[in-house]
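**Q** For reference, the file data31.tsv (TSV, C-alpha atoms) is included below:
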```
chain	number	residue	atom	x	y	z
X	1	MET	CA	6.14	-3.82	0.25
X	2	GLY	CA	2.66	-2.89	1.32
X	3	GLN	CA	2.94	-4.53	4.72
X	4	ALA	CA	6.40	-3.15	5.27
X	5	LEU	CA	5.15	0.34	4.45
X	6	LYS	CA	2.30	-0.09	6.88
X	7	ARG	CA	4.88	-0.64	9.61
X	8	ASN	CA	7.64	1.68	8.43
X	9	ILE	CA	7.44	5.17	9.89
X	10	TRP	CA	10.60	6.66	8.40
X	11	LEU	CA	10.33	6.43	4.65
X	12	LYS	CA	9.47	9.78	3.08
X	13	GLY	CA	9.88	9.20	-0.63
X	14	LEU	CA	9.01	6.19	-2.74
X	15	ASN	CA	9.56	6.00	-6.47
X	16	LEU	CA	7.96	3.01	-8.18
X	17	ALA	CA	7.86	4.46	-11.69
X	18	ASN	CA	8.00	2.25	-14.77
X	19	ASN	CA	7.56	-1.05	-13.03
X	20	GLY	CA	4.58	-2.41	-14.87
X	21	ILE	CA	2.59	-2.51	-11.64
X	22	GLY	CA	-0.99	-3.41	-12.46
X	23	ASP	CA	-4.38	-2.95	-10.96
X	24	ASP	CA	-4.14	-5.41	-8.06
X	25	GLY	CA	-0.73	-4.23	-6.97
X	26	LEU	CA	-1.75	-0.59	-6.94
X	27	CYS	CA	-4.99	-1.29	-5.08
X	28	GLN	CA	-3.09	-3.11	-2.36
X	29	LEU	CA	-0.39	-0.47	-2.22
X	30	ALA	CA	-3.05	2.22	-1.79
X	31	ARG	CA	-4.78	0.23	0.92
X	32	TYR	CA	-1.58	-0.18	2.93
X	33	LEU	CA	-0.43	3.38	2.43
X	34	LYS	CA	-3.66	4.57	3.98
X	35	TYR	CA	-2.19	3.67	7.36
X	36	ASN	CA	1.14	5.31	6.61
X	37	GLN	CA	1.63	8.73	8.17
X	38	THR	CA	5.09	9.66	6.95
X	39	LEU	CA	5.31	9.14	3.21
X	40	GLU	CA	5.50	12.51	1.46
X	41	TYR	CA	6.43	11.69	-2.10
X	42	LEU	CA	4.89	8.96	-4.22
X	43	ASP	CA	5.76	8.41	-7.87
X	44	LEU	CA	3.72	5.88	-9.84
X	45	SER	CA	4.50	7.13	-13.35
X	46	GLY	CA	4.50	4.69	-16.20
X	47	ASN	CA	2.45	2.02	-14.49
X	48	SER	CA	-1.05	1.25	-15.62
X	49	ILE	CA	-3.53	2.94	-13.33
X	50	ASP	CA	-6.98	1.86	-14.48
X	51	ASP	CA	-10.29	2.86	-12.96
X	52	ASP	CA	-10.25	0.56	-9.92
X	53	ALA	CA	-6.69	1.53	-9.05
X	54	ALA	CA	-7.55	5.20	-9.55
X	55	ILE	CA	-10.47	4.89	-7.16
X	56	SER	CA	-8.37	3.27	-4.47
X	57	LEU	CA	-5.68	5.92	-4.97
X	58	ALA	CA	-8.40	8.54	-4.61
X	59	GLU	CA	-9.42	6.97	-1.31
X	60	LEU	CA	-5.80	7.08	-0.25
X	61	LEU	CA	-5.50	10.77	-1.16
X	62	HIS	CA	-8.75	11.50	0.63
X	63	GLY	CA	-7.65	9.98	3.91
X	64	ASN	CA	-3.91	10.61	3.88
X	65	ARG	CA	-2.45	13.63	5.67
X	66	SER	CA	1.24	13.30	4.98
X	67	LEU	CA	1.52	13.02	1.21
X	68	THR	CA	2.64	16.31	-0.34
X	69	GLU	CA	3.56	15.23	-3.82
X	70	PHE	CA	1.80	12.74	-6.05
X	71	VAL	CA	3.18	11.99	-9.49
X	72	ALA	CA	1.57	9.74	-12.10
X	73	ARG	CA	2.75	10.65	-15.57
X	74	ARG	CA	1.91	8.50	-18.57
X	75	ALA	CA	-0.02	6.16	-16.34
X	76	LYS	CA	-2.91	5.40	-18.70
X	77	ILE	CA	-5.39	7.12	-16.40
X	78	SER	CA	-8.83	7.34	-18.02
X	79	PRO	CA	-11.11	10.42	-17.73
X	80	ARG	CA	-13.12	8.54	-15.15
X	81	GLY	CA	-10.02	7.63	-13.17
X	82	ALA	CA	-8.72	11.19	-13.30
X	83	ALA	CA	-12.06	12.49	-12.07
X	84	ALA	CA	-11.92	10.03	-9.18
X	85	ILE	CA	-8.40	11.07	-8.24
X	86	PHE	CA	-9.31	14.74	-8.30
X	87	ARG	CA	-12.38	14.01	-6.16
X	88	GLY	CA	-10.06	12.44	-3.63
X	89	VAL	CA	-7.84	15.52	-3.61
X	90	ARG	CA	-10.73	17.91	-3.02
X	91	PHE	CA	-10.61	17.92	0.75
X	92	ASN	CA	-6.99	16.92	1.15
X	93	ARG	CA	-5.00	19.52	3.04
X	94	SER	CA	-1.47	18.24	2.70
X	95	LEU	CA	-1.04	17.68	-1.03
X	96	LYS	CA	0.93	20.48	-2.67
X	97	ARG	CA	1.80	19.16	-6.06
X	98	ILE	CA	-0.09	16.78	-8.30
X	99	ASP	CA	1.27	15.73	-11.66
X	100	LEU	CA	-1.03	13.84	-14.01
X	101	SER	CA	0.69	14.79	-17.25
X	102	ASP	CA	0.21	12.73	-20.38
X	103	ASN	CA	-2.90	10.94	-19.26
X	104	GLN	CA	-6.35	10.90	-20.80
X	105	ILE	CA	-7.80	13.75	-18.83
X	106	GLU	CA	-10.78	14.77	-20.88
X	107	ASN	CA	-13.74	17.02	-20.07
X	108	ARG	CA	-14.73	14.88	-17.16
X	109	GLY	CA	-11.34	15.11	-15.51
X	110	LEU	CA	-11.10	18.85	-16.04
X	111	PHE	CA	-14.55	19.56	-14.60
X	112	SER	CA	-13.59	17.51	-11.58
X	113	LEU	CA	-10.35	19.47	-11.26
X	114	ALA	CA	-12.33	22.71	-11.42
X	115	ARG	CA	-14.40	21.55	-8.46
X	116	VAL	CA	-11.20	20.69	-6.60
X	117	LEU	CA	-9.85	24.19	-7.11
X	118	VAL	CA	-12.98	25.64	-5.53
X	119	TYR	CA	-12.47	23.84	-2.22
X	120	ASN	CA	-8.79	23.03	-2.03
X	121	GLN	CA	-6.54	25.78	-0.71
X	122	SER	CA	-3.36	23.80	-0.23
X	123	LEU	CA	-2.44	22.81	-3.78
X	124	LEU	CA	0.45	24.85	-5.11
X	125	ALA	CA	1.10	23.18	-8.42
X	126	VAL	CA	-1.04	21.24	-10.84
X	127	GLU	CA	0.45	19.68	-13.95
X	128	ILE	CA	-1.89	18.28	-16.55
X	129	SER	CA	-0.02	18.93	-19.76
X	130	GLY	CA	-1.14	16.77	-22.62
X	131	ALA	CA	-4.78	17.05	-21.58
X	132	ARG	CA	-7.38	17.01	-24.33
X	133	ALA	CA	-10.77	18.59	-23.76
X	134	GLN	CA	-13.35	21.06	-24.96
X	135	ILE	CA	-13.27	24.80	-24.47
X	136	ALA	CA	-16.05	24.75	-21.91
X	137	ALA	CA	-13.92	22.63	-19.58
X	138	TYR	CA	-10.95	24.97	-19.82
X	139	GLU	CA	-13.12	28.00	-19.21
X	140	LYS	CA	-14.61	26.37	-16.15
X	141	ILE	CA	-11.10	25.89	-14.79
X	142	LEU	CA	-10.14	29.45	-15.60
X	143	SER	CA	-13.13	30.77	-13.70
X	144	THR	CA	-12.31	28.70	-10.60
X	145	ILE	CA	-8.63	29.54	-10.63
X	146	LYS	CA	-9.61	33.17	-10.16
X	147	GLY	CA	-11.03	32.40	-6.76
X	148	ASN	CA	-8.20	30.14	-5.68
X	149	HIS	CA	-5.47	31.85	-3.71
X	150	SER	CA	-3.00	29.08	-3.19
X	151	LEU	CA	-2.26	27.84	-6.68
X	152	MET	CA	0.94	29.22	-8.14
X	153	HIS	CA	1.79	26.89	-10.93
X	154	PHE	CA	-0.48	25.39	-13.51
X	155	ASN	CA	1.05	23.51	-16.37
X	156	LEU	CA	-1.04	23.03	-19.49
X	157	ARG	CA	1.84	23.10	-21.89
X	158	THR	CA	0.48	20.98	-24.69
X	159	LEU	CA	-3.21	21.49	-24.26
X	160	LYS	CA	-5.39	20.12	-27.01
X	161	ILE	CA	-8.79	21.55	-27.74
X	162	GLU	CA	-11.25	19.22	-29.32
X	163	ASP	CA	-14.04	21.35	-30.67
X	164	ALA	CA	-12.00	24.20	-32.10
X	165	GLY	CA	-8.66	23.33	-33.53
X	166	ASP	CA	-7.74	26.86	-34.50
X	167	ARG	CA	-4.74	28.45	-32.94
X	168	GLN	CA	-6.55	31.66	-32.11
X	169	MET	CA	-8.64	29.87	-29.52
X	170	LYS	CA	-5.63	28.22	-27.91
X	171	LYS	CA	-3.86	31.52	-27.73
X	172	GLU	CA	-6.86	33.14	-26.10
X	173	ILE	CA	-7.07	30.50	-23.44
X	174	LYS	CA	-3.38	30.68	-22.73
X	175	GLN	CA	-3.64	34.45	-22.41
X	176	LYS	CA	-6.54	34.11	-20.04
X	177	LEU	CA	-4.53	31.66	-17.95
X	178	ARG	CA	-1.68	34.12	-17.77
X	179	ALA	CA	-3.99	36.94	-16.80
X	180	ASN	CA	-5.22	35.15	-13.70
X	181	ARG	CA	-4.19	36.96	-10.60
X	182	GLY	CA	-3.12	33.92	-8.59
X	183	PHE	CA	0.04	33.41	-10.54
X	184	ALA	CA	-0.05	36.31	-12.97
X	185	ARG	CA	2.23	38.14	-10.60
X	186	VAL	CA	4.70	35.30	-10.73
X	187	ARG	CA	4.63	35.32	-14.50
X	188	ARG	CA	4.95	39.08	-14.77
X	189	GLU	CA	7.93	39.30	-12.52
X	190	ARG	CA	9.69	36.25	-13.73
X	191	ARG	CA	12.80	38.18	-14.58
X	192	ASN	CA	13.16	38.99	-10.92
X	193	PRO	CA	15.35	36.15	-9.62
X	194	LYS	CA	13.47	36.06	-6.35
X	195	MET	CA	10.15	35.62	-8.10
X	196	LYS	CA	11.72	32.97	-10.24
X	197	TYR	CA	12.78	31.13	-7.15
X	198	ILE	CA	9.31	31.40	-5.65
X	199	HIS	CA	7.85	30.00	-8.81
X	200	TYR	CA	10.34	27.18	-8.67
X	201	CYS	CA	9.38	26.44	-5.08
X	202	ALA	CA	5.75	26.30	-6.11
X	203	MET	CA	6.59	24.04	-8.99
X	204	ILE	CA	8.25	21.48	-6.78
X	205	GLY	CA	5.51	21.83	-4.17
X	206	ASP	CA	7.60	23.52	-1.50
X	207	LYS	CA	5.00	25.62	0.29
X	208	GLN	CA	7.31	26.56	3.13
X	209	GLY	CA	9.85	27.85	0.64
X	210	VAL	CA	7.21	30.04	-1.00
X	211	GLU	CA	5.96	31.40	2.28
X	212	ALA	CA	9.44	32.07	3.60
X	213	GLU	CA	10.38	33.96	0.47
X	214	LEU	CA	7.18	35.97	0.49
X	215	LYS	CA	7.63	36.80	4.14
X	216	ALA	CA	11.22	37.82	3.58
X	217	ASP	CA	10.20	40.34	0.96
X	218	ASP	CA	6.94	42.08	1.81
X	219	SER	CA	7.11	44.22	-1.30
X	220	LEU	CA	6.20	41.17	-3.33
X	221	LYS	CA	2.89	40.71	-1.60
U	1	MET	CA	35.41	-0.78	-3.01
U	2	GLY	CA	33.58	-2.46	-0.16
U	3	ARG	CA	36.71	-2.53	2.01
U	4	THR	CA	37.33	1.14	1.34
U	5	LEU	CA	33.76	1.93	2.26
U	6	ALA	CA	34.13	0.01	5.51
U	7	SER	CA	37.21	1.93	6.56
U	8	ASN	CA	36.18	5.35	5.25
U	9	GLN	CA	33.95	7.15	7.71
U	10	SER	CA	33.56	10.55	6.11
U	11	LEU	CA	32.12	9.93	2.64
U	12	LEU	CA	28.53	11.20	2.43
U	13	VAL	CA	27.43	10.57	-1.13
U	14	LEU	CA	28.45	7.74	-3.43
U	15	ILE	CA	27.25	7.69	-7.01
U	16	LEU	CA	28.03	4.62	-9.09
U	17	SER	CA	25.42	4.97	-11.83
U	18	GLN	CA	25.82	3.27	-15.21
U	19	ASN	CA	28.88	1.25	-14.23
U	20	ASN	CA	27.94	-2.26	-15.18
U	21	ILE	CA	28.13	-3.37	-11.56
U	22	GLY	CA	26.91	-6.92	-11.13
U	23	ALA	CA	25.66	-8.88	-8.16
U	24	SER	CA	29.13	-9.74	-6.86
U	25	GLY	CA	30.16	-6.08	-6.91
U	26	THR	CA	27.07	-5.26	-4.92
U	27	PHE	CA	27.97	-7.96	-2.36
U	28	SER	CA	31.21	-6.25	-1.46
U	29	LEU	CA	29.54	-2.86	-1.54
U	30	ALA	CA	26.87	-4.10	0.85
U	31	ASP	CA	29.52	-5.63	3.12
U	32	GLY	CA	31.22	-2.26	3.27
U	33	MET	CA	27.92	-0.56	4.00
U	34	LYS	CA	27.36	-2.70	7.06
U	35	LEU	CA	30.48	-1.24	8.69
U	36	ASN	CA	30.15	2.28	7.34
U	37	HIS	CA	28.67	4.96	9.57
U	38	SER	CA	28.77	8.02	7.35
U	39	LEU	CA	27.27	7.33	3.91
U	40	LYS	CA	23.93	9.05	3.48
U	41	LYS	CA	23.17	8.66	-0.18
U	42	LEU	CA	23.95	5.69	-2.37
U	43	LYS	CA	23.04	5.80	-6.02
U	44	ILE	CA	23.64	2.68	-8.10
U	45	SER	CA	21.07	3.17	-10.84
U	46	GLY	CA	21.50	1.69	-14.30
U	47	ASN	CA	23.66	-1.25	-13.29
U	48	ARG	CA	22.93	-4.96	-13.30
U	49	ILE	CA	22.65	-5.75	-9.63
U	50	ARG	CA	19.45	-7.79	-10.13
U	51	ASN	CA	17.82	-9.75	-7.33
U	52	ASP	CA	20.98	-11.09	-5.71
U	53	GLY	CA	22.39	-7.62	-5.41
U	54	ALA	CA	19.14	-6.26	-4.06
U	55	ILE	CA	19.02	-9.00	-1.43
U	56	SER	CA	22.55	-8.25	-0.26
U	57	LEU	CA	21.70	-4.56	-0.13
U	58	ALA	CA	18.61	-5.39	1.91
U	59	LYS	CA	20.77	-7.30	4.40
U	60	ALA	CA	23.09	-4.34	4.68
U	61	LEU	CA	20.12	-2.01	5.18
U	62	ARG	CA	19.05	-4.02	8.19
U	63	THR	CA	22.22	-3.11	10.07
U	64	ASN	CA	23.06	0.24	8.52
U	65	ARG	CA	21.93	3.23	10.57
U	66	THR	CA	22.97	6.18	8.41
U	67	LEU	CA	21.81	5.74	4.83
U	68	SER	CA	18.89	8.02	4.04
U	69	ALA	CA	18.54	7.71	0.28
U	70	LEU	CA	18.94	4.62	-1.86
U	71	VAL	CA	18.53	4.79	-5.61
U	72	VAL	CA	18.46	1.45	-7.40
U	73	ALA	CA	16.55	2.46	-10.50
U	74	GLY	CA	16.95	0.47	-13.69
U	75	ASN	CA	18.58	-2.62	-12.22
U	76	LYS	CA	16.35	-5.42	-13.46
U	77	ILE	CA	15.18	-6.13	-9.94
U	78	THR	CA	12.09	-8.33	-9.84
U	79	TYR	CA	9.63	-9.41	-7.20
U	80	ASP	CA	12.13	-11.24	-4.97
U	81	GLY	CA	14.63	-8.43	-4.80
U	82	ALA	CA	11.96	-5.85	-4.11
U	83	SER	CA	10.45	-8.03	-1.40
U	84	ALA	CA	13.81	-8.31	0.32
U	85	LEU	CA	14.23	-4.54	0.23
U	86	ALA	CA	10.70	-4.15	1.59
U	87	GLY	CA	11.49	-6.53	4.42
U	88	ALA	CA	14.50	-4.42	5.30
U	89	LEU	CA	12.30	-1.33	5.30
U	90	ALA	CA	10.27	-2.75	8.14
U	91	VAL	CA	13.43	-2.87	10.27
U	92	ASN	CA	15.41	0.10	8.99
U	93	THR	CA	14.71	3.39	10.70
U	94	THR	CA	16.80	5.86	8.73
U	95	LEU	CA	16.06	5.34	5.05
U	96	SER	CA	13.80	8.15	3.90
U	97	PHE	CA	13.92	7.85	0.13
U	98	LEU	CA	13.80	4.69	-1.93
U	99	ASP	CA	13.85	4.79	-5.70
U	100	LEU	CA	12.92	1.50	-7.35
U	101	SER	CA	11.83	2.93	-10.68
U	102	ALA	CA	12.36	1.22	-14.03
U	103	ASN	CA	12.74	-2.25	-12.59
U	104	ARG	CA	10.62	-5.30	-13.20
U	105	ILE	CA	8.51	-5.65	-10.11
U	106	PHE	CA	5.24	-6.16	-12.02
U	107	VAL	CA	1.91	-6.87	-10.46
U	108	GLU	CA	2.97	-8.73	-7.37
U	109	VAL	CA	4.78	-5.73	-5.99
U	110	THR	CA	2.48	-5.33	-3.06
U	111	ASN	CA	1.46	-8.91	-2.59
U	112	PHE	CA	4.52	-10.04	-0.77
U	113	ARG	CA	4.86	-10.05	2.94
U	114	SER	CA	7.85	-9.02	4.91
U	115	SER	CA	8.09	-12.57	6.21
U	116	THR	CA	9.27	-13.69	2.78
U	117	ALA	CA	12.40	-11.63	3.25
U	118	PRO	CA	15.33	-13.32	4.98
U	119	LYS	CA	15.31	-12.82	8.69
U	120	ASN	CA	18.41	-11.66	10.54
U	121	ALA	CA	21.06	-9.91	8.58
```
Any chance you could put this one into structure tokens?

**A**
Amino acid sequence: MGQALKRNIWLKGLNLANNGIGDDGLCQLARYLKYNQTLEYLDLSGNSIDDDAAISLAELLHGNRSLTEFVARRAKISPRGAAAIFRGVRFNRSLKRIDLSDNQIENRGLFSLARVLVYNQSLLAVEISGARAQIAAYEKILSTIKGNHSLMHFNLRTLKIEDAGDRQMKKEIKQKLRANRGFARVRRERRNPKMKYIHYCAMIGDKQGVEAELKADDSLK
Amino acid sequence: MGRTLASNQSLLVLILSQNNIGASGTFSLADGMKLNHSLKKLKISGNRIRNDGAISLAKALRTNRTLSALVVAGNKITYDGASALAGALAVNTTLSFLDLSANRIFVEVTNFRSSTAPKNA
């Protein structure tokens, strides 16, 4: 498949979820995809992405300019692997949606993500629900999201906080997330069907959809 | 089904998910696909087409010039079937979305070369 993908210039979406693809397979896939200029959607959920595979995927994300959506849910990514992947995304300009839900993204991964959000201005949606980390990491992310103007969707649905298990703290962090101006507007006006649609576009990584909708209705700006 | 597909030139989407279709059913489907010039999306997820079915689909893909999305998730396809589909990808110029999720490709998924796939449809 790798070699075929190297040659193929038409395929836009590839879903290889739940195939038990291991380290070697993923490394090779990443190496071949580096030459591919058309693939936009890659789904590797449910495979086992360990550190080596994560590093090669990070290299792929660093060099690739066509990929807009990268999904790897429940892929056994370690904190180190997640950090590597986020490092790869930092200077990527095409990626719009990254979904690393249900992986072991701990403090290390979140700090790396915070650094991504400082530089990256193309990401529209980040999904890391099921992450488990300390408050400091979440606060770091909150502070960087403030400065980021592109992000419109950030999913932390089942966040787990290690050092303070009390609900009050979780609530506070969720409130802070909501108060961020980047997507606070989206949240506030969710009842407005147009805003809902914009949020949906952001969620699925459709930047053109978001821009078109915003342009069509200047009052939303 | 295959014969109908060959003669029908207006159908755009065909969904045959969860229908217990086996390899032989896929053969006729693939035969129909070779002659069809309209079908854009074919979804046969959750059947039992296995490797033989995947190989016949790959052969059809080599000649088909319209199909843009092929979903063969959950079909117990292993290395051989996936390699055949990959070989077809190198030739096919229209397919833009391929869903191979929930199969059994395992580690070797990327090891195979397109030369392992049958040449000439």

**Q** Interatomic distance between CA of Arg65 in chain X and CA of Arg90 in chain X?

**A**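 Going from CA of Arg65 in chain X over to CA of Arg90 in chain X covers 12.7 Å.
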
**Q** Which residues of chain X come within 8 Å of chain U, and for each one, what is the closest pair of atoms and their distance in Å to one decimal, counting only C-alpha atoms, sorted by chain and residue number, as JSON lines?

**A**
```
{"residue": "X:Met1", "atom": "CA", "partner": "U:Ala86", "partner_atom": "CA", "distance": 4.8}
{"residue": "X:Gly2", "atom": "CA", "partner": "U:Thr110", "partner_atom": "CA", "distance": 5.0}
{"residue": "X:Gln3", "atom": "CA", "partner": "U:Arg113", "partner_atom": "CA", "distance": 6.1}
{"residue": "X:Ala4", "atom": "CA", "partner": "U:Ala90", "partner_atom": "CA", "distance": 4.8}
{"residue": "X:Leu5", "atom": "CA", "partner": "U:Ala90", "partner_atom": "CA", "distance": 7.0}
{"residue": "X:Arg7", "atom": "CA", "partner": "U:Ala90", "partner_atom": "CA", "distance": 6.0}
{"residue": "X:Asn8", "atom": "CA", "partner": "U:Ala90", "partner_atom": "CA", "distance": 5.2}
{"residue": "X:Ile9", "atom": "CA", "partner": "U:Thr93", "partner_atom": "CA", "distance": 7.5}
{"residue": "X:Trp10", "atom": "CA", "partner": "U:Ser96", "partner_atom": "CA", "distance": 5.7}
{"residue": "X:Leu11", "atom": "CA", "partner": "U:Ser96", "partner_atom": "CA", "distance": 3.9}
{"residue": "X:Lys12", "atom": "CA", "partner": "U:Ser96", "partner_atom": "CA", "distance": 4.7}
{"residue": "X:Gly13", "atom": "CA", "partner": "U:Phe97", "partner_atom": "CA", "distance": 4.3}
{"residue": "X:Leu14", "atom": "CA", "partner": "U:Leu98", "partner_atom": "CA", "distance": 5.1}
{"residue": "X:Asn15", "atom": "CA", "partner": "U:Asp99", "partner_atom": "CA", "distance": 4.5}
{"residue": "X:Leu16", "atom": "CA", "partner": "U:Ser101", "partner_atom": "CA", "distance": 4.6}
{"residue": "X:Ala17", "atom": "CA", "partner": "U:Ser101", "partner_atom": "CA", "distance": 4.4}
{"residue": "X:Asn18", "atom": "CA", "partner": "U:Ala102", "partner_atom": "CA", "distance": 4.5}
{"residue": "X:Asn19", "atom": "CA", "partner": "U:Arg104", "partner_atom": "CA", "distance": 5.2}
{"residue": "X:Gly20", "atom": "CA", "partner": "U:Phe106", "partner_atom": "CA", "distance": 4.8}
{"residue": "X:Ile21", "atom": "CA", "partner": "U:Phe106", "partner_atom": "CA", "distance": 4.5}
{"residue": "X:Gly22", "atom": "CA", "partner": "U:Val107", "partner_atom": "CA", "distance": 4.9}
{"residue": "X:Asp23", "atom": "CA", "partner": "U:Val107", "partner_atom": "CA", "distance": 7.4}
{"residue": "X:Asp24", "atom": "CA", "partner": "U:Val107", "partner_atom": "CA", "distance": 6.7}
{"residue": "X:Gly25", "atom": "CA", "partner": "U:Val107", "partner_atom": "CA", "distance": 5.1}
{"residue": "X:Leu26", "atom": "CA", "partner": "U:Thr110", "partner_atom": "CA", "distance": 7.4}
{"residue": "X:Gln28", "atom": "CA", "partner": "U:Thr110", "partner_atom": "CA", "distance": 6.0}
{"residue": "X:Leu29", "atom": "CA", "partner": "U:Thr110", "partner_atom": "CA", "distance": 5.7}
```

**Q** Which residues come within 6 Å of Thr68 in chain X, counting all atoms listed in the file, excluding same-chain residues fewer than 3 positions away, as a PDB file with C-alpha atoms, in the frame of the given file?

**A**
```
ATOM      1  CA  GLU X  40       5.500  12.510   1.460  1.00  0.00           C
ATOM      2  CA  SER X  94      -1.470  18.240   2.700  1.00  0.00           C
ATOM      3  CA  LEU X  95      -1.040  17.680  -1.030  1.00  0.00           C
ATOM      4  CA  LYS X  96       0.930  20.480  -2.670  1.00  0.00           C
TER       5      LYS X  96
END
```

**Q** With all atoms listed in the file as the atoms that count, which of X:Ser129, X:Ser122, X:Ser112, X:Ser78 lies nearest to Thr144 in chain X?

**A**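 Nearest candidate to Thr144 in chain X out of X:Ser129, X:Ser122, X:Ser112, X:Ser78: X:Ser112.
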
**Q** With all atoms listed in the file as the counted atoms, please give the residues lying no more than 9 Å from Val13 in chain U, apart from itself and same-chain residues fewer than 6 positions off, as a compact mmCIF listing (two decimals) with C-alpha atoms, keeping the file's coordinate frame.

**A**
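Output file result.txt is given in full below:
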```txt
# COMPACT_ATOMS: atom_id res chain seq x y z
CA SER U 38 28.77 8.02 7.35
CA LEU U 39 27.27 7.33 3.91
CA LYS U 40 23.93 9.05 3.48
CA LYS U 41 23.17 8.66 -0.18
CA LEU U 42 23.95 5.69 -2.37
CA LYS U 43 23.04 5.80 -6.02
```

**Q** With all atoms listed in the file as the counted atoms, please give the residues lying no more than 12 Å from Ser56 in chain U, apart from itself and same-chain residues fewer than 6 positions off, as a list in words.

**A**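 Here the qualifying residues turn out to be Gly22, Ala23, Ser24, Gly25, Thr26, Phe27, Ser28, Leu29, Ala30, Asp31, Gly32, Met33, Lys34, Ile49, Arg50, Arg62, Thr63, Asp80, Gly81, Ala82, Ala84, Leu85, Ala88, Ala117, Pro118 and Ala121 of chain U.
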
**Q** Neighbouring residues of Ala84 in chain X were defined as those with any atom within 9 Å, considering only C-alpha atoms; residues of the same chain fewer than 6 positions away were excluded. Please report them as a list of chain:residue names.

**A** X:Asp51, X:Ala54, X:Ile55, X:Ser56, X:Leu57, X:Ala58, X:Glu59, X:Gly109, X:Ser112

**Q** Tell me, as a PDB file with C-alpha atoms, in the frame of the given file, which residues lie within 7 Å of Ser45 in chain X, counting all atoms listed in the file; anything in the same chain fewer than 4 positions away does not count.

**A**
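Wrote it out as out.pdb, contents follow:
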```pdb
ATOM      1  CA  ALA X  17       7.860   4.460 -11.690  1.00  0.00           C
ATOM      2  CA  ASN X  18       8.000   2.250 -14.770  1.00  0.00           C
ATOM      3  CA  VAL X  71       3.180  11.990  -9.490  1.00  0.00           C
ATOM      4  CA  ALA X  72       1.570   9.740 -12.100  1.00  0.00           C
ATOM      5  CA  ARG X  73       2.750  10.650 -15.570  1.00  0.00           C
ATOM      6  CA  ARG X  74       1.910   8.500 -18.570  1.00  0.00           C
ATOM      7  CA  ALA X  75      -0.020   6.160 -16.340  1.00  0.00           C
TER       8      ALA X  75
END
```

**Q** Work out how far apart CA of Ala212 in chain X and CA of Met152 in chain X are and give it in Å to one decimal.

**A**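 Between CA of Ala212 in chain X and CA of Met152 in chain X the gap is 14.8 Å.
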
**Q** Would you mind telling me which residue in X:Glu172, X:Glu139, X:Asp99, X:Glu127 lies nearest to Ala114 in chain X when using all atoms listed in the file?

**A** X:Glu139

**Q** Figure out the distance between CA of Ile77 in chain X and CA of Gln104 in chain X, please, to one decimal in Å.

**A**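 If I compute the distance from CA of Gln104 in chain X to CA of Ile77 in chain X, I get 5.9 Å.
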
**Q** Could I get range 62-73 of chain U rebuilt with N, CA and C atoms, written as a PDB file, in the coordinates of the input?

**A**
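Wrote rebuild.pdb, looks like this:
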```pdb
ATOM      1  N   ARG U  62      19.555  -3.636   6.877  1.00  0.00           N
ATOM      2  CA  ARG U  62      19.050  -4.020   8.190  1.00  0.00           C
ATOM      3  C   ARG U  62      19.979  -3.588   9.309  1.00  0.00           C
ATOM      4  N   THR U  63      21.289  -3.509   9.010  1.00  0.00           N
ATOM      5  CA  THR U  63      22.220  -3.110  10.070  1.00  0.00           C
ATOM      6  C   THR U  63      22.653  -1.663   9.936  1.00  0.00           C
ATOM      7  N   ASN U  64      22.593  -1.131   8.732  1.00  0.00           N
ATOM      8  CA  ASN U  64      23.060   0.240   8.520  1.00  0.00           C
ATOM      9  C   ASN U  64      22.135   1.230   9.220  1.00  0.00           C
ATOM     10  N   ARG U  65      22.737   2.245   9.834  1.00  0.00           N
ATOM     11  CA  ARG U  65      21.930   3.230  10.570  1.00  0.00           C
ATOM     12  C   ARG U  65      22.137   4.648  10.050  1.00  0.00           C
ATOM     13  N   THR U  66      22.729   4.809   8.870  1.00  0.00           N
ATOM     14  CA  THR U  66      22.970   6.180   8.410  1.00  0.00           C
ATOM     15  C   THR U  66      22.346   6.482   7.048  1.00  0.00           C
ATOM     16  N   LEU U  67      22.263   5.484   6.203  1.00  0.00           N
ATOM     17  CA  LEU U  67      21.810   5.740   4.830  1.00  0.00           C
ATOM     18  C   LEU U  67      20.395   6.323   4.813  1.00  0.00           C
ATOM     19  N   SER U  68      20.231   7.448   4.101  1.00  0.00           N
ATOM     20  CA  SER U  68      18.890   8.020   4.040  1.00  0.00           C
ATOM     21  C   SER U  68      18.284   7.961   2.643  1.00  0.00           C
ATOM     22  N   ALA U  69      19.109   7.825   1.620  1.00  0.00           N
ATOM     23  CA  ALA U  69      18.540   7.710   0.280  1.00  0.00           C
ATOM     24  C   ALA U  69      19.211   6.589  -0.489  1.00  0.00           C
ATOM     25  N   LEU U  70      18.411   5.730  -1.068  1.00  0.00           N
ATOM     26  CA  LEU U  70      18.940   4.620  -1.860  1.00  0.00           C
ATOM     27  C   LEU U  70      18.275   4.626  -3.225  1.00  0.00           C
ATOM     28  N   VAL U  71      19.073   4.764  -4.253  1.00  0.00           N
ATOM     29  CA  VAL U  71      18.530   4.790  -5.610  1.00  0.00           C
ATOM     30  C   VAL U  71      19.017   3.554  -6.364  1.00  0.00           C
ATOM     31  N   VAL U  72      18.102   2.657  -6.652  1.00  0.00           N
ATOM     32  CA  VAL U  72      18.460   1.450  -7.400  1.00  0.00           C
ATOM     33  C   VAL U  72      17.580   1.340  -8.634  1.00  0.00           C
ATOM     34  N   ALA U  73      17.400   2.467  -9.315  1.00  0.00           N
ATOM     35  CA  ALA U  73      16.550   2.460 -10.500  1.00  0.00           C
ATOM     36  C   ALA U  73      17.229   1.731 -11.652  1.00  0.00           C
TER      37      ALA U  73
END
```
